[in-house]
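Here's the structure, in structure tokens; my notes come after.
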Amino acid sequence: MRPVPLFILPLSLSTILASMTLAQDDAPAASEEWEDFESDSYKSKLDPAWGASTGRGPEIYPPGMAYGGFDLGVPILLGDVDRDLIRPGADLHIQSGLDLGYVGFFLHGGFRFIPVDFDRAADAQHPDYHGQGRDPLKNPYFGFGIRAQVPNHTLVMPYISGSFDFDFWHFRDTTISCGGYYYWWCVGHDVYEFTPGFSGRAGLAFHLGQCLYVDVGLNVSMSFKGDFFSNNQAWVEPFSGVMCRR
């Protein structure tokens, strides 16, 4: 076996060390190859839906959004009224407005029916009624108001609202209007009498998903005596319906 010259060994060792140094320089840094497993950027690569809303609760909506809805209520007159004569009725109510987050402004309106049952009162031995059938007390109305709410991140959003209302009341009062130019005509129609009033609501809106809510609560309203009532009249109205905030 031929002996290896001694000067070759240092040259070989220096070559190996240089190649190892170049390999280390070419390898990516650990910080470039490995990321923080708990970071949002890393999780977003594993799951594209990372950070997206699950739809389990409403977000705080940005200002300037619209909302609207409708509900069905049951008006019950308060005060000294005969419960056999004045029965619980129905109210179809709609509203729409501007949602500014914690406060909103709205227009609303509806049609309210309150049954007046003279036959039931007569059957209950009421001395003033002897049976005159049953007809509804009709009340179309509209108004405007303001709403305060808590647009939190839970499934339930509490709110209160107040409005000034324009009420029109009718009960069995009709009139005949006649006119014409080339021919004469007459038509009978119901008479509606105006009374101003106020309404206040308190409720809870349960988020179902997207913009949709189930709305439940209690409405308290009153009408001044105006042209119809001889005294101020108030009523309560439990209601339920649906609402959309977009």
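Scheme for the structure tokens: letters A, B, ... for chains in order shown; per-chain residue numbers from 1; ligand numbers from 1 in order shown.
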
Residue contacts of Val74 (chain A) (6 Å, only C-alpha atoms) excluding same-chain residues fewer than 2 positions away, as a PDB file with N, CA and C atoms, in the first residue's frame:
```pdb
ATOM      1  N   GLY A  89    -108.168  41.650  19.812  1.00  0.00           N
ATOM      2  CA  GLY A  89    -108.226  41.730  18.358  1.00  0.00           C
ATOM      3  C   GLY A  89    -106.950  41.269  17.681  1.00  0.00           C
ATOM      4  N   ALA A  90    -106.662  41.856  16.519  1.00  0.00           N
ATOM      5  CA  ALA A  90    -105.480  41.510  15.730  1.00  0.00           C
ATOM      6  C   ALA A  90    -104.922  42.780  15.109  1.00  0.00           C
ATOM      7  N   GLU A 237    -100.250  45.200  23.633  1.00  0.00           N
ATOM      8  CA  GLU A 237    -100.283  44.358  22.429  1.00  0.00           C
ATOM      9  C   GLU A 237     -99.068  43.447  22.376  1.00  0.00           C
ATOM     10  N   PRO A 238     -99.154  42.222  22.893  1.00  0.00           N
ATOM     11  CA  PRO A 238     -98.057  41.268  22.672  1.00  0.00           C
ATOM     12  C   PRO A 238     -97.980  40.927  21.182  1.00  0.00           C
TER      13      PRO A 238
END
```

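Those residues in region 56-223 of chain A carrying a DSSP assignment of alpha helix (DSSP H), computed from the backbone, are Phe118, Asp119, Arg120, Ala121, Ala122 and Asp123 of chain A.
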
Export, as a PDB file, in the first residue's frame, the selected residues with C-alpha atoms.
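This went into part27.pdb:
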```pdb
ATOM      1  CA  PHE A 118    -122.891  43.092  21.433  1.00  0.00           C
ATOM      2  CA  ASP A 119    -124.407  39.599  21.365  1.00  0.00           C
ATOM      3  CA  ARG A 120    -121.818  38.266  23.804  1.00  0.00           C
ATOM      4  CA  ALA A 121    -122.409  41.219  26.132  1.00  0.00           C
ATOM      5  CA  ALA A 122    -126.184  40.603  25.972  1.00  0.00           C
ATOM      6  CA  ASP A 123    -125.675  36.907  26.773  1.00  0.00           C
TER       7      ASP A 123
END
```

- What separation in Å, quoted to one decimal, exists between CA of Tyr67 (chain A) and CA of Ala234 (chain A)?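 About the pair CA of Tyr67 (chain A) and CA of Ala234 (chain A): they are 27.8 Å apart.
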
I want to know what sits within 7 Å of region 224-233 of chain A, based on only C-alpha atoms, with residues of the same chain fewer than 4 positions away left out; could you give that as a short mmCIF file (atom, residue, chain, number, x, y, z; two decimals) with N, CA and C atoms, in the first residue's frame?
```cif
data_model
loop_
_atom_site.label_atom_id
_atom_site.label_comp_id
_atom_site.auth_asym_id
_atom_site.auth_seq_id
_atom_site.Cartn_x
_atom_site.Cartn_y
_atom_site.Cartn_z
N TRP A 169 -109.90 55.89 13.27
CA TRP A 169 -110.80 54.92 13.88
C TRP A 169 -112.15 54.91 13.17
N GLU A 193 -112.28 58.57 11.79
CA GLU A 193 -112.00 59.79 12.56
C GLU A 193 -110.58 59.73 13.12
N PHE A 194 -109.91 60.88 13.05
CA PHE A 194 -108.49 60.96 13.39
C PHE A 194 -108.27 61.21 14.87
N THR A 195 -107.31 60.51 15.44
CA THR A 195 -106.80 60.80 16.78
C THR A 195 -105.29 60.62 16.78
N PRO A 196 -104.52 61.55 17.32
CA PRO A 196 -103.07 61.34 17.44
C PRO A 196 -102.77 60.41 18.61
N GLY A 197 -101.60 59.80 18.59
CA GLY A 197 -101.25 58.89 19.67
C GLY A 197 -99.76 58.60 19.72
#
```

* Would you list the contacts of Pro75 (chain A) as a list in words, taking every protein, DNA or RNA residue within 10 Å and counting only C-alpha atoms, but skipping same-chain residues closer than 6 positions in sequence? => Arg87, Pro88, Gly89, Ala90, Asp91, Arg112, Phe113, Ile114, Asn219, Val220, Ser221, Ala234, Trp235, Val236, Glu237, Pro238 and Phe239 of chain A

Please dump the current selection as a short mmCIF file (atom, residue, chain, number, x, y, z; two decimals), in the first residue's frame; keep C-alpha atoms.
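The result, written out as result_6.cif:
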```cif
data_model
loop_
_atom_site.label_atom_id
_atom_site.label_comp_id
_atom_site.auth_asym_id
_atom_site.auth_seq_id
_atom_site.Cartn_x
_atom_site.Cartn_y
_atom_site.Cartn_z
CA ARG A 87 -112.66 41.40 22.69
CA PRO A 88 -108.92 40.93 21.98
CA GLY A 89 -108.23 41.73 18.36
CA ALA A 90 -105.48 41.51 15.73
CA ASP A 91 -102.92 43.97 14.40
CA ARG A 112 -105.80 46.99 13.68
CA PHE A 113 -109.10 45.13 14.22
CA ILE A 114 -110.76 44.99 17.66
CA ASN A 219 -96.27 47.09 22.44
CA VAL A 220 -97.98 49.72 24.63
CA SER A 221 -100.01 52.36 22.77
CA ALA A 234 -104.65 52.88 25.94
CA TRP A 235 -103.98 49.24 25.08
CA VAL A 236 -101.26 46.61 25.28
CA GLU A 237 -100.28 44.36 22.43
CA PRO A 238 -98.06 41.27 22.67
CA PHE A 239 -96.59 40.53 19.24
#
```

Review point. Separation of CA of Asp190 (chain A) and CA of Phe164 (chain A), in Å?
Key: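 CA of Asp190 (chain A) sits 24.6 Å away from CA of Phe164 (chain A).
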
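Taking CA of Met65 (chain A) and CA of Ser163 (chain A) as the two end points, the separation is 20.0 Å.
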
In terms of only C-alpha atoms, the residue from A:His153, A:Arg83, A:His189, A:Arg147 at minimal distance from Ile176 (chain A) is A:His189
